[in-house]
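Student: Hey, dropping entry.cif in here, mmCIF, N, CA, C and O atoms:
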```cif
data_my_file
#
loop_
_atom_site.label_atom_id
_atom_site.label_comp_id
_atom_site.auth_asym_id
_atom_site.auth_seq_id
_atom_site.Cartn_x
_atom_site.Cartn_y
_atom_site.Cartn_z
N LEU A 179 0.86 -1.17 0.00
CA LEU A 179 0.00 0.00 0.00
C LEU A 179 0.90 1.22 0.00
O LEU A 179 1.89 1.29 0.72
N ASP A 180 0.56 2.20 -0.82
CA ASP A 180 1.41 3.38 -0.97
C ASP A 180 0.51 4.58 -1.20
O ASP A 180 -0.36 4.56 -2.06
N MET A 181 0.72 5.61 -0.44
CA MET A 181 0.02 6.88 -0.64
C MET A 181 -1.49 6.70 -0.72
O MET A 181 -2.14 7.09 -1.68
N LEU A 182 -2.07 6.14 0.30
CA LEU A 182 -3.51 5.91 0.29
C LEU A 182 -4.32 7.06 0.87
O LEU A 182 -5.53 6.94 0.99
N GLY A 183 -3.69 8.15 1.19
CA GLY A 183 -4.41 9.27 1.80
C GLY A 183 -4.58 10.47 0.90
O GLY A 183 -4.85 11.56 1.37
N SER A 184 -4.42 10.31 -0.40
CA SER A 184 -4.55 11.44 -1.32
C SER A 184 -5.95 12.03 -1.24
O SER A 184 -6.95 11.31 -1.23
N LEU A 185 -6.02 13.36 -1.19
CA LEU A 185 -7.31 14.04 -1.00
C LEU A 185 -8.21 13.99 -2.24
O LEU A 185 -9.42 14.13 -2.12
N ASN A 186 -7.65 13.85 -3.41
CA ASN A 186 -8.42 13.79 -4.65
C ASN A 186 -8.18 12.42 -5.29
O ASN A 186 -7.84 12.31 -6.45
N ALA A 187 -8.37 11.40 -4.50
CA ALA A 187 -7.91 10.04 -4.80
C ALA A 187 -8.59 9.36 -5.97
O ALA A 187 -9.75 9.61 -6.27
N VAL A 188 -7.82 8.46 -6.56
CA VAL A 188 -8.29 7.45 -7.49
C VAL A 188 -7.65 6.15 -7.02
O VAL A 188 -6.44 6.09 -6.88
N PRO A 189 -8.42 5.11 -6.73
CA PRO A 189 -7.80 3.84 -6.36
C PRO A 189 -7.11 3.23 -7.58
O PRO A 189 -7.75 2.99 -8.60
N ILE A 190 -5.80 3.06 -7.47
CA ILE A 190 -4.99 2.59 -8.59
C ILE A 190 -4.22 1.34 -8.17
O ILE A 190 -3.60 1.33 -7.11
N VAL A 191 -4.26 0.32 -9.02
CA VAL A 191 -3.53 -0.91 -8.78
C VAL A 191 -2.33 -0.94 -9.71
O VAL A 191 -2.46 -0.65 -10.91
N TYR A 192 -1.17 -1.29 -9.16
CA TYR A 192 0.04 -1.41 -9.98
C TYR A 192 -0.17 -2.44 -11.07
O TYR A 192 -0.66 -3.54 -10.81
N ASP A 193 0.25 -2.11 -12.27
CA ASP A 193 0.17 -3.02 -13.41
C ASP A 193 1.41 -2.78 -14.27
O ASP A 193 1.32 -2.33 -15.40
N ASP A 194 2.57 -3.04 -13.69
CA ASP A 194 3.84 -2.72 -14.34
C ASP A 194 4.21 -3.77 -15.39
O ASP A 194 4.27 -4.97 -15.09
N SER A 195 4.49 -3.31 -16.58
CA SER A 195 4.79 -4.21 -17.69
C SER A 195 6.09 -4.98 -17.48
O SER A 195 6.26 -6.06 -18.03
N GLN A 196 7.00 -4.46 -16.68
CA GLN A 196 8.29 -5.13 -16.44
C GLN A 196 8.32 -5.89 -15.12
O GLN A 196 9.37 -6.34 -14.68
N ALA A 197 7.17 -6.04 -14.48
CA ALA A 197 7.11 -6.72 -13.19
C ALA A 197 7.47 -8.20 -13.32
O ALA A 197 7.30 -8.82 -14.37
N ALA A 198 7.96 -8.76 -12.24
CA ALA A 198 8.37 -10.16 -12.21
C ALA A 198 7.17 -11.09 -12.39
O ALA A 198 6.03 -10.73 -12.07
N PRO A 199 7.43 -12.30 -12.89
CA PRO A 199 6.35 -13.29 -12.98
C PRO A 199 5.67 -13.47 -11.61
O PRO A 199 6.33 -13.48 -10.58
N GLY A 200 4.36 -13.57 -11.64
CA GLY A 200 3.58 -13.69 -10.42
C GLY A 200 2.94 -12.37 -10.02
O GLY A 200 1.98 -12.34 -9.25
N SER A 201 3.46 -11.27 -10.56
CA SER A 201 2.93 -9.95 -10.21
C SER A 201 1.51 -9.74 -10.74
O SER A 201 0.69 -9.11 -10.09
N GLU A 202 1.23 -10.28 -11.92
CA GLU A 202 -0.09 -10.10 -12.50
C GLU A 202 -1.16 -10.73 -11.61
O GLU A 202 -2.26 -10.19 -11.46
N GLN A 203 -0.86 -11.87 -11.00
CA GLN A 203 -1.83 -12.51 -10.11
C GLN A 203 -2.10 -11.64 -8.88
O GLN A 203 -3.23 -11.57 -8.41
N ILE A 204 -1.08 -10.98 -8.38
CA ILE A 204 -1.26 -10.06 -7.25
C ILE A 204 -2.17 -8.91 -7.66
O ILE A 204 -3.12 -8.57 -6.96
N SER A 205 -1.90 -8.33 -8.82
CA SER A 205 -2.72 -7.21 -9.31
C SER A 205 -4.16 -7.64 -9.52
O SER A 205 -5.09 -6.91 -9.15
N GLU A 206 -4.38 -8.80 -10.11
CA GLU A 206 -5.74 -9.30 -10.33
C GLU A 206 -6.47 -9.50 -9.01
O GLU A 206 -7.65 -9.17 -8.88
N PHE A 207 -5.78 -10.05 -8.02
CA PHE A 207 -6.39 -10.24 -6.70
C PHE A 207 -6.83 -8.90 -6.12
O PHE A 207 -7.95 -8.76 -5.61
N LEU A 208 -5.96 -7.90 -6.20
CA LEU A 208 -6.29 -6.58 -5.64
C LEU A 208 -7.45 -5.94 -6.40
O LEU A 208 -8.35 -5.36 -5.78
N LEU A 209 -7.44 -6.03 -7.72
CA LEU A 209 -8.54 -5.49 -8.51
C LEU A 209 -9.87 -6.14 -8.15
O LEU A 209 -10.88 -5.46 -7.97
N GLN A 210 -9.87 -7.46 -8.04
CA GLN A 210 -11.09 -8.17 -7.69
C GLN A 210 -11.57 -7.79 -6.29
O GLN A 210 -12.78 -7.64 -6.07
N ALA A 211 -10.65 -7.63 -5.36
CA ALA A 211 -11.03 -7.25 -3.99
C ALA A 211 -11.64 -5.86 -3.97
O ALA A 211 -12.65 -5.63 -3.28
N LEU A 212 -11.08 -4.92 -4.72
CA LEU A 212 -11.64 -3.57 -4.76
C LEU A 212 -12.99 -3.55 -5.46
O LEU A 212 -13.90 -2.81 -5.05
N GLU A 213 -13.14 -4.34 -6.50
CA GLU A 213 -14.45 -4.46 -7.17
C GLU A 213 -15.49 -5.04 -6.22
O GLU A 213 -16.61 -4.54 -6.13
N ALA A 214 -15.12 -6.10 -5.51
CA ALA A 214 -16.04 -6.74 -4.57
C ALA A 214 -16.45 -5.79 -3.44
O ALA A 214 -17.57 -5.86 -2.94
N ALA A 215 -15.56 -4.89 -3.07
CA ALA A 215 -15.85 -3.92 -2.01
C ALA A 215 -16.67 -2.74 -2.54
O ALA A 215 -17.09 -1.88 -1.76
N GLY A 216 -16.90 -2.70 -3.86
CA GLY A 216 -17.69 -1.62 -4.44
C GLY A 216 -16.89 -0.36 -4.72
O GLY A 216 -17.45 0.67 -5.07
N THR A 217 -15.58 -0.44 -4.59
CA THR A 217 -14.72 0.72 -4.80
C THR A 217 -14.30 0.84 -6.25
O THR A 217 -14.30 1.92 -6.81
N GLY A 218 -13.94 -0.28 -6.86
CA GLY A 218 -13.39 -0.25 -8.20
C GLY A 218 -11.98 0.31 -8.18
O GLY A 218 -11.50 0.76 -7.14
N ALA A 219 -11.31 0.26 -9.30
CA ALA A 219 -9.94 0.74 -9.39
C ALA A 219 -9.53 0.85 -10.83
O ALA A 219 -10.16 0.28 -11.72
N GLU A 220 -8.45 1.58 -11.05
CA GLU A 220 -7.79 1.65 -12.34
C GLU A 220 -6.47 0.91 -12.24
O GLU A 220 -5.95 0.70 -11.16
N ARG A 221 -5.92 0.57 -13.39
CA ARG A 221 -4.59 -0.04 -13.46
C ARG A 221 -3.61 1.04 -13.93
O ARG A 221 -3.98 1.90 -14.73
N MET A 222 -2.35 0.96 -13.46
CA MET A 222 -1.34 1.90 -13.94
C MET A 222 0.03 1.25 -13.91
O MET A 222 0.40 0.61 -12.94
N ASP A 223 0.75 1.43 -15.00
CA ASP A 223 2.15 1.03 -15.07
C ASP A 223 2.96 2.22 -14.57
O ASP A 223 2.99 3.26 -15.21
N LEU A 224 3.58 2.06 -13.42
CA LEU A 224 4.35 3.16 -12.83
C LEU A 224 5.73 3.31 -13.45
O LEU A 224 6.44 4.26 -13.14
N GLY A 225 6.11 2.38 -14.30
CA GLY A 225 7.37 2.50 -15.01
C GLY A 225 8.59 2.62 -14.11
O GLY A 225 9.51 3.35 -14.40
N GLY A 226 8.57 1.92 -12.99
CA GLY A 226 9.71 1.96 -12.08
C GLY A 226 9.74 3.17 -11.17
O GLY A 226 10.74 3.41 -10.49
N ALA A 227 8.66 3.92 -11.11
CA ALA A 227 8.64 5.15 -10.32
C ALA A 227 8.05 4.94 -8.93
O ALA A 227 7.28 5.76 -8.45
N SER A 228 8.40 3.86 -8.27
CA SER A 228 7.91 3.65 -6.92
C SER A 228 8.90 2.80 -6.14
O SER A 228 9.87 2.26 -6.69
N ASP A 229 8.65 2.67 -4.86
CA ASP A 229 9.55 1.96 -3.96
C ASP A 229 9.70 0.48 -4.29
O ASP A 229 10.68 -0.14 -3.90
N HIS A 230 8.76 -0.09 -4.99
CA HIS A 230 8.82 -1.53 -5.27
C HIS A 230 9.71 -1.87 -6.47
O HIS A 230 9.95 -3.03 -6.75
N PHE A 231 10.24 -0.87 -7.16
CA PHE A 231 11.01 -1.10 -8.38
C PHE A 231 12.23 -1.99 -8.16
O PHE A 231 12.51 -2.88 -8.97
N SER A 232 12.94 -1.79 -7.08
CA SER A 232 14.14 -2.62 -6.84
C SER A 232 13.75 -4.09 -6.64
O SER A 232 14.50 -4.99 -7.02
N PHE A 233 12.57 -4.34 -6.07
CA PHE A 233 12.09 -5.72 -5.93
C PHE A 233 11.79 -6.31 -7.30
O PHE A 233 12.11 -7.46 -7.57
N GLU A 234 11.15 -5.51 -8.17
CA GLU A 234 10.89 -5.97 -9.54
C GLU A 234 12.18 -6.37 -10.23
O GLU A 234 12.27 -7.40 -10.89
N GLN A 235 13.20 -5.52 -10.09
CA GLN A 235 14.49 -5.79 -10.73
C GLN A 235 15.13 -7.07 -10.19
O GLN A 235 15.86 -7.74 -10.92
N ALA A 236 14.86 -7.40 -8.95
CA ALA A 236 15.41 -8.61 -8.34
C ALA A 236 14.56 -9.84 -8.63
O ALA A 236 14.89 -10.93 -8.17
N GLY A 237 13.46 -9.68 -9.38
CA GLY A 237 12.63 -10.81 -9.74
C GLY A 237 11.58 -11.18 -8.71
O GLY A 237 10.98 -12.25 -8.79
N VAL A 238 11.33 -10.31 -7.75
CA VAL A 238 10.33 -10.56 -6.71
C VAL A 238 8.96 -10.10 -7.23
O VAL A 238 8.83 -8.95 -7.67
N PRO A 239 7.95 -10.95 -7.20
CA PRO A 239 6.61 -10.51 -7.62
C PRO A 239 6.14 -9.35 -6.75
O PRO A 239 6.32 -9.35 -5.53
N THR A 240 5.58 -8.34 -7.39
CA THR A 240 5.12 -7.15 -6.68
C THR A 240 3.69 -6.83 -7.06
O THR A 240 3.19 -7.24 -8.10
N GLY A 241 3.05 -6.08 -6.24
CA GLY A 241 1.71 -5.59 -6.48
C GLY A 241 1.40 -4.54 -5.46
O GLY A 241 2.05 -4.47 -4.41
N GLY A 242 0.46 -3.69 -5.74
CA GLY A 242 0.13 -2.68 -4.77
C GLY A 242 -1.03 -1.81 -5.20
O GLY A 242 -1.51 -1.88 -6.33
N ILE A 243 -1.44 -1.00 -4.25
CA ILE A 243 -2.53 -0.04 -4.45
C ILE A 243 -2.02 1.31 -3.99
O ILE A 243 -1.36 1.41 -2.96
N PHE A 244 -2.33 2.34 -4.75
CA PHE A 244 -2.09 3.70 -4.27
C PHE A 244 -3.21 4.59 -4.75
O PHE A 244 -4.05 4.19 -5.55
N SER A 245 -3.26 5.81 -4.23
CA SER A 245 -4.38 6.68 -4.54
C SER A 245 -3.98 7.93 -5.31
O SER A 245 -4.76 8.86 -5.42
N GLY A 246 -2.78 7.94 -5.84
CA GLY A 246 -2.35 9.05 -6.68
C GLY A 246 -1.41 10.01 -5.99
O GLY A 246 -1.40 10.13 -4.77
N ALA A 247 -0.65 10.70 -6.81
CA ALA A 247 0.30 11.70 -6.32
C ALA A 247 0.09 12.97 -7.14
O ALA A 247 -0.95 13.60 -7.01
N ASN A 248 1.04 13.29 -8.00
CA ASN A 248 0.90 14.52 -8.78
C ASN A 248 0.21 14.29 -10.12
O ASN A 248 0.10 15.21 -10.92
N GLU A 249 -0.33 13.09 -10.35
CA GLU A 249 -1.12 12.83 -11.56
C GLU A 249 -2.38 13.70 -11.52
O GLU A 249 -2.96 13.92 -10.46
N VAL A 250 -2.80 14.19 -12.67
CA VAL A 250 -4.00 15.03 -12.75
C VAL A 250 -5.21 14.14 -13.00
O VAL A 250 -5.21 13.29 -13.89
N LYS A 251 -6.24 14.34 -12.20
CA LYS A 251 -7.47 13.54 -12.31
C LYS A 251 -8.25 13.95 -13.55
O LYS A 251 -8.46 15.14 -13.80
N SER A 252 -8.65 12.96 -14.32
CA SER A 252 -9.43 13.21 -15.54
C SER A 252 -10.92 13.40 -15.21
O SER A 252 -11.37 13.08 -14.10
N ASP A 253 -11.66 13.86 -16.20
CA ASP A 253 -13.11 13.98 -16.04
C ASP A 253 -13.73 12.61 -15.76
O ASP A 253 -14.61 12.49 -14.91
N ALA A 254 -13.27 11.60 -16.49
CA ALA A 254 -13.80 10.24 -16.30
C ALA A 254 -13.51 9.73 -14.90
O ALA A 254 -14.37 9.11 -14.26
N GLU A 255 -12.31 9.99 -14.39
CA GLU A 255 -11.97 9.55 -13.03
C GLU A 255 -12.81 10.29 -11.99
O GLU A 255 -13.26 9.69 -11.02
N ALA A 256 -13.02 11.58 -12.19
CA ALA A 256 -13.85 12.34 -11.25
C ALA A 256 -15.28 11.83 -11.27
O ALA A 256 -15.93 11.73 -10.23
N SER A 257 -15.77 11.47 -12.45
CA SER A 257 -17.12 10.94 -12.56
C SER A 257 -17.24 9.60 -11.84
O SER A 257 -18.23 9.34 -11.15
N GLU A 258 -16.23 8.75 -11.98
CA GLU A 258 -16.29 7.42 -11.38
C GLU A 258 -15.96 7.40 -9.90
O GLU A 258 -16.58 6.67 -9.12
N PHE A 259 -14.97 8.20 -9.47
CA PHE A 259 -14.47 8.11 -8.10
C PHE A 259 -14.73 9.36 -7.26
O PHE A 259 -14.34 9.40 -6.09
N GLY A 260 -15.37 10.38 -7.83
CA GLY A 260 -15.59 11.62 -7.10
C GLY A 260 -14.37 12.51 -7.17
O GLY A 260 -13.37 12.20 -7.79
N GLY A 261 -14.46 13.65 -6.51
CA GLY A 261 -13.34 14.59 -6.50
C GLY A 261 -13.39 15.54 -7.67
O GLY A 261 -14.40 15.67 -8.36
N GLN A 262 -12.27 16.25 -7.88
CA GLN A 262 -12.21 17.31 -8.88
C GLN A 262 -11.32 16.93 -10.06
O GLN A 262 -10.15 16.61 -9.88
N ALA A 263 -11.90 17.03 -11.26
CA ALA A 263 -11.13 16.82 -12.48
C ALA A 263 -10.17 17.97 -12.68
O ALA A 263 -10.35 19.06 -12.14
N ASP A 264 -9.13 17.71 -13.46
CA ASP A 264 -8.12 18.71 -13.82
C ASP A 264 -7.34 19.23 -12.61
O ASP A 264 -6.78 20.32 -12.66
N GLN A 265 -7.33 18.47 -11.54
CA GLN A 265 -6.57 18.80 -10.33
C GLN A 265 -5.68 17.62 -9.98
O GLN A 265 -6.03 16.47 -10.26
N PRO A 266 -4.55 17.87 -9.32
CA PRO A 266 -3.70 16.74 -8.90
C PRO A 266 -4.45 15.83 -7.94
O PRO A 266 -5.28 16.29 -7.14
N MET A 267 -4.14 14.55 -8.00
CA MET A 267 -4.75 13.62 -7.06
C MET A 267 -4.29 13.91 -5.63
O MET A 267 -5.04 13.71 -4.69
N ASP A 268 -3.07 14.39 -5.49
CA ASP A 268 -2.56 14.81 -4.18
C ASP A 268 -1.75 16.08 -4.38
O ASP A 268 -0.56 16.05 -4.69
N ALA A 269 -2.41 17.23 -4.21
CA ALA A 269 -1.79 18.53 -4.44
C ALA A 269 -0.65 18.82 -3.47
O ALA A 269 0.16 19.72 -3.72
N CYS A 270 -0.55 18.07 -2.39
CA CYS A 270 0.50 18.30 -1.40
C CYS A 270 1.66 17.31 -1.51
O CYS A 270 2.55 17.30 -0.66
N TYR A 271 1.67 16.48 -2.54
CA TYR A 271 2.70 15.46 -2.72
C TYR A 271 4.10 16.08 -2.64
O TYR A 271 4.46 16.94 -3.44
N HIS A 272 4.87 15.67 -1.63
CA HIS A 272 6.25 16.11 -1.39
C HIS A 272 6.37 17.63 -1.21
O HIS A 272 7.40 18.21 -1.53
N LEU A 273 5.34 18.27 -0.70
CA LEU A 273 5.37 19.70 -0.41
C LEU A 273 5.18 19.93 1.08
O LEU A 273 4.81 19.01 1.83
N ALA A 274 5.39 21.15 1.54
CA ALA A 274 5.26 21.48 2.95
C ALA A 274 3.86 21.20 3.48
O ALA A 274 3.70 20.92 4.67
N CYS A 275 2.85 21.27 2.64
CA CYS A 275 1.47 21.02 3.08
C CYS A 275 1.17 19.53 3.23
O CYS A 275 0.07 19.16 3.62
N ASP A 276 2.14 18.65 2.97
CA ASP A 276 1.96 17.20 3.10
C ASP A 276 2.04 16.83 4.58
O ASP A 276 3.05 16.35 5.07
N THR A 277 0.96 17.10 5.29
CA THR A 277 0.88 16.91 6.74
C THR A 277 -0.32 16.03 7.07
O THR A 277 -1.19 15.80 6.22
N PRO A 278 -0.42 15.56 8.31
CA PRO A 278 -1.59 14.75 8.69
C PRO A 278 -2.92 15.46 8.49
O PRO A 278 -3.95 14.81 8.30
N GLN A 279 -2.93 16.78 8.50
CA GLN A 279 -4.18 17.52 8.28
C GLN A 279 -4.64 17.43 6.83
O GLN A 279 -5.79 17.72 6.53
N ASN A 280 -3.76 17.05 5.91
CA ASN A 280 -4.10 16.96 4.50
C ASN A 280 -4.08 15.52 4.01
O ASN A 280 -3.62 15.22 2.91
N VAL A 281 -4.61 14.63 4.84
CA VAL A 281 -4.70 13.21 4.49
C VAL A 281 -6.15 12.78 4.58
O VAL A 281 -6.84 13.06 5.55
N ASP A 282 -6.60 12.12 3.53
CA ASP A 282 -7.92 11.51 3.56
C ASP A 282 -7.74 10.16 4.24
O ASP A 282 -7.19 9.23 3.64
N SER A 283 -8.17 10.05 5.46
CA SER A 283 -7.92 8.83 6.23
C SER A 283 -8.86 7.69 5.89
O SER A 283 -8.68 6.57 6.35
N TYR A 284 -9.85 7.93 5.06
CA TYR A 284 -10.77 6.87 4.67
C TYR A 284 -11.33 7.23 3.30
O TYR A 284 -11.87 8.31 3.11
N TYR A 285 -11.20 6.32 2.34
CA TYR A 285 -11.73 6.59 1.00
C TYR A 285 -13.24 6.79 1.09
O TYR A 285 -13.95 5.99 1.68
N LYS A 286 -13.70 7.86 0.53
CA LYS A 286 -15.13 8.15 0.54
C LYS A 286 -15.51 8.87 -0.75
O LYS A 286 -14.67 9.46 -1.41
N ASP A 287 -16.76 8.86 -1.07
CA ASP A 287 -17.24 9.56 -2.26
C ASP A 287 -17.09 11.05 -2.03
O ASP A 287 -17.51 11.57 -1.01
N LYS A 288 -16.48 11.73 -3.00
CA LYS A 288 -16.24 13.16 -2.87
C LYS A 288 -17.00 13.97 -3.92
O LYS A 288 -16.63 15.07 -4.22
N SER A 289 -18.01 13.40 -4.48
CA SER A 289 -18.74 14.12 -5.54
C SER A 289 -19.63 15.19 -4.96
O SER A 289 -19.91 15.27 -3.81
#
```
Can I see the file as structure tokens?
Tutor:
Amino acid sequence: LDMLGSLNAVPIVYDDSQAAPGSEQISEFLLQALEAAGTGAERMDLGGASDHFSFEQAGVPTGGIFSGANEVKSDAEASEFGGQADQPMDACYHLACDTPQNVDSYYKDKS
């Protein structure tokens, strides 16, 4: 789990094209669990831009869920998951405002 407190969140499951064998099963399990919970999720290839990259390089199966960082939320994502389109999923990502007061502690509909 990584960055699950983004204020303009989209539930995203890792779907890295270079991930080690076994990673796809982890991603499928997470996607199915989020669907069963009524949350849904998108897939994203992070292209090695996360903490799990060194594990991928070592051949360790990886998988994960995050709620966005400086990615801009699309109209379709805002429609499906709530929140504001054309805004960063986490406007405080790696900034001084990245404090406990700017964390969504529970995913909820923001429409």
Student: Report, in Å to a single decimal, how far apart atom CA of A:His272 and atom CA of A:Asp180 are.
Tutor: 13.6 Å
Student: Step by step: start from the point (2.2, -3.7, -2.8) in the file's coordinates, keep every protein, DNA or RNA residue that has an atom no farther than 8 Å from it, count all atoms listed in the file, and write the set as JSON, numbers by chain.
Tutor: {"A": [179, 180, 192, 230, 239, 240, 241, 242, 243, 244]}
Student: With DSSP run on the backbone, what are the strand (DSSP E) residues within chain A? I'd like them as a list in words.
Tutor: Ile190, Val191, Tyr192, Glu220, Arg221, Met222, Ile243 and Phe244 of chain A
Student: Residues within 8 Å of A:Pro199, please, as a PyMOL selection string. Count all atoms listed in the file; anything in the same chain fewer than 2 positions from it doesn't count.
Tutor: chain A and resi 196-197+201-204+234+237-240
Student: DSSP on the backbone: which residues in stretch 228-261 of chain A end up as alpha helix (DSSP H)? Give the answer as a list in words.
Tutor: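 Those in stretch 228-261 of chain A that DSSP calls alpha helix (DSSP H) are Phe231, Ser232, Phe233, Glu234, Gln235, Asp253, Ala254, Glu255, Ala256, Ser257, Glu258 and Phe259 of chain A.
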Student: In Å, with one decimal, what is the gap from atom CA of A:Pro278 to atom CA of A:Ser245?
Tutor: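 Rounded to one decimal, the two atoms are 15.7 Å apart.
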Student: Applied to the shown file, which residues does the PyMOL selection byres ((chain A and resi 262) around 8) return, written as a list of chain:residue names?
Tutor: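 Answer for the PyMOL selection byres ((chain A and resi 262) around 8): A:Leu185, A:Asn186, A:Ala187, A:Glu249, A:Val250, A:Lys251, A:Ser252, A:Asp253, A:Glu255, A:Ala256, A:Ser257, A:Phe259, A:Gly260, A:Gly261, A:Ala263, A:Asp264, A:Gln265, A:Pro266, A:Met267, A:Lys288, A:Ser289.
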Student: Can you find the residues with an atom no farther than 6 Å from (-13.4, 3.0, -11.5), counting all atoms listed in the file, and report them as a PyMOL selection string?
Tutor: chain A and resi 217-220+258-259
Student: Interatomic distance between atom C of A:Val188 and atom O of A:Leu208?
Tutor: 11.6 Å
Student: For A:Leu209, which residue among A:Ala254, A:Val191, A:Cys270, A:Ala236 is the nearest when counting only N, CA, C and O atoms?
Tutor: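 For A:Leu209, the nearest of the candidates is A:Val191.
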Student: Can you take the partial stretch 277-284 of chain A, add all heavy atoms, and return it as an mmCIF file, keeping the file's coordinate frame?
Tutor:
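Ended up saving to result02.cif:
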```
data_model
loop_
_atom_site.group_PDB
_atom_site.id
_atom_site.type_symbol
_atom_site.label_atom_id
_atom_site.label_comp_id
_atom_site.auth_asym_id
_atom_site.auth_seq_id
_atom_site.Cartn_x
_atom_site.Cartn_y
_atom_site.Cartn_z
ATOM 1 N N THR A 277 0.960 17.100 5.290
ATOM 2 C CA THR A 277 0.880 16.910 6.740
ATOM 3 C C THR A 277 -0.320 16.030 7.070
ATOM 4 O O THR A 277 -1.190 15.800 6.220
ATOM 5 C CB THR A 277 0.699 18.264 7.453
ATOM 6 O OG1 THR A 277 -0.579 18.803 7.086
ATOM 7 C CG2 THR A 277 1.800 19.252 7.083
ATOM 8 N N PRO A 278 -0.420 15.560 8.310
ATOM 9 C CA PRO A 278 -1.590 14.750 8.690
ATOM 10 C C PRO A 278 -2.920 15.460 8.490
ATOM 11 O O PRO A 278 -3.950 14.810 8.300
ATOM 12 C CB PRO A 278 -1.346 14.459 10.176
ATOM 13 C CG PRO A 278 0.135 14.527 10.331
ATOM 14 C CD PRO A 278 0.577 15.612 9.384
ATOM 15 N N GLN A 279 -2.930 16.780 8.500
ATOM 16 C CA GLN A 279 -4.180 17.520 8.280
ATOM 17 C C GLN A 279 -4.640 17.430 6.830
ATOM 18 O O GLN A 279 -5.790 17.720 6.530
ATOM 19 C CB GLN A 279 -4.016 18.987 8.685
ATOM 20 C CG GLN A 279 -3.875 19.200 10.176
ATOM 21 C CD GLN A 279 -2.500 18.790 10.707
ATOM 22 O OE1 GLN A 279 -1.492 18.906 10.022
ATOM 23 N NE2 GLN A 279 -2.475 18.304 11.935
ATOM 24 N N ASN A 280 -3.760 17.050 5.910
ATOM 25 C CA ASN A 280 -4.100 16.960 4.500
ATOM 26 C C ASN A 280 -4.080 15.520 4.010
ATOM 27 O O ASN A 280 -3.620 15.220 2.910
ATOM 28 C CB ASN A 280 -3.141 17.811 3.663
ATOM 29 C CG ASN A 280 -3.437 19.268 3.819
ATOM 30 O OD1 ASN A 280 -4.585 19.682 3.745
ATOM 31 N ND2 ASN A 280 -2.411 20.056 4.055
ATOM 32 N N VAL A 281 -4.610 14.630 4.840
ATOM 33 C CA VAL A 281 -4.700 13.210 4.490
ATOM 34 C C VAL A 281 -6.150 12.780 4.580
ATOM 35 O O VAL A 281 -6.840 13.060 5.550
ATOM 36 C CB VAL A 281 -3.843 12.355 5.466
ATOM 37 C CG1 VAL A 281 -4.091 10.871 5.239
ATOM 38 C CG2 VAL A 281 -2.369 12.679 5.312
ATOM 39 N N ASP A 282 -6.600 12.120 3.530
ATOM 40 C CA ASP A 282 -7.920 11.510 3.560
ATOM 41 C C ASP A 282 -7.740 10.160 4.240
ATOM 42 O O ASP A 282 -7.190 9.230 3.640
ATOM 43 C CB ASP A 282 -8.449 11.350 2.136
ATOM 44 C CG ASP A 282 -9.866 10.810 2.091
ATOM 45 O OD1 ASP A 282 -10.428 10.502 3.161
ATOM 46 O OD2 ASP A 282 -10.405 10.688 0.988
ATOM 47 N N SER A 283 -8.170 10.050 5.460
ATOM 48 C CA SER A 283 -7.920 8.830 6.230
ATOM 49 C C SER A 283 -8.860 7.690 5.890
ATOM 50 O O SER A 283 -8.680 6.570 6.350
ATOM 51 C CB SER A 283 -7.994 9.121 7.737
ATOM 52 O OG SER A 283 -9.282 9.586 8.065
ATOM 53 N N TYR A 284 -9.850 7.930 5.060
ATOM 54 C CA TYR A 284 -10.770 6.870 4.670
ATOM 55 C C TYR A 284 -11.330 7.230 3.300
ATOM 56 O O TYR A 284 -11.870 8.310 3.110
ATOM 57 C CB TYR A 284 -11.910 6.744 5.663
ATOM 58 C CG TYR A 284 -12.871 5.634 5.335
ATOM 59 C CD1 TYR A 284 -12.522 4.303 5.539
ATOM 60 C CD2 TYR A 284 -14.120 5.910 4.812
ATOM 61 C CE1 TYR A 284 -13.408 3.283 5.227
ATOM 62 C CE2 TYR A 284 -14.999 4.901 4.497
ATOM 63 C CZ TYR A 284 -14.632 3.585 4.716
ATOM 64 O OH TYR A 284 -15.495 2.583 4.392
#
```
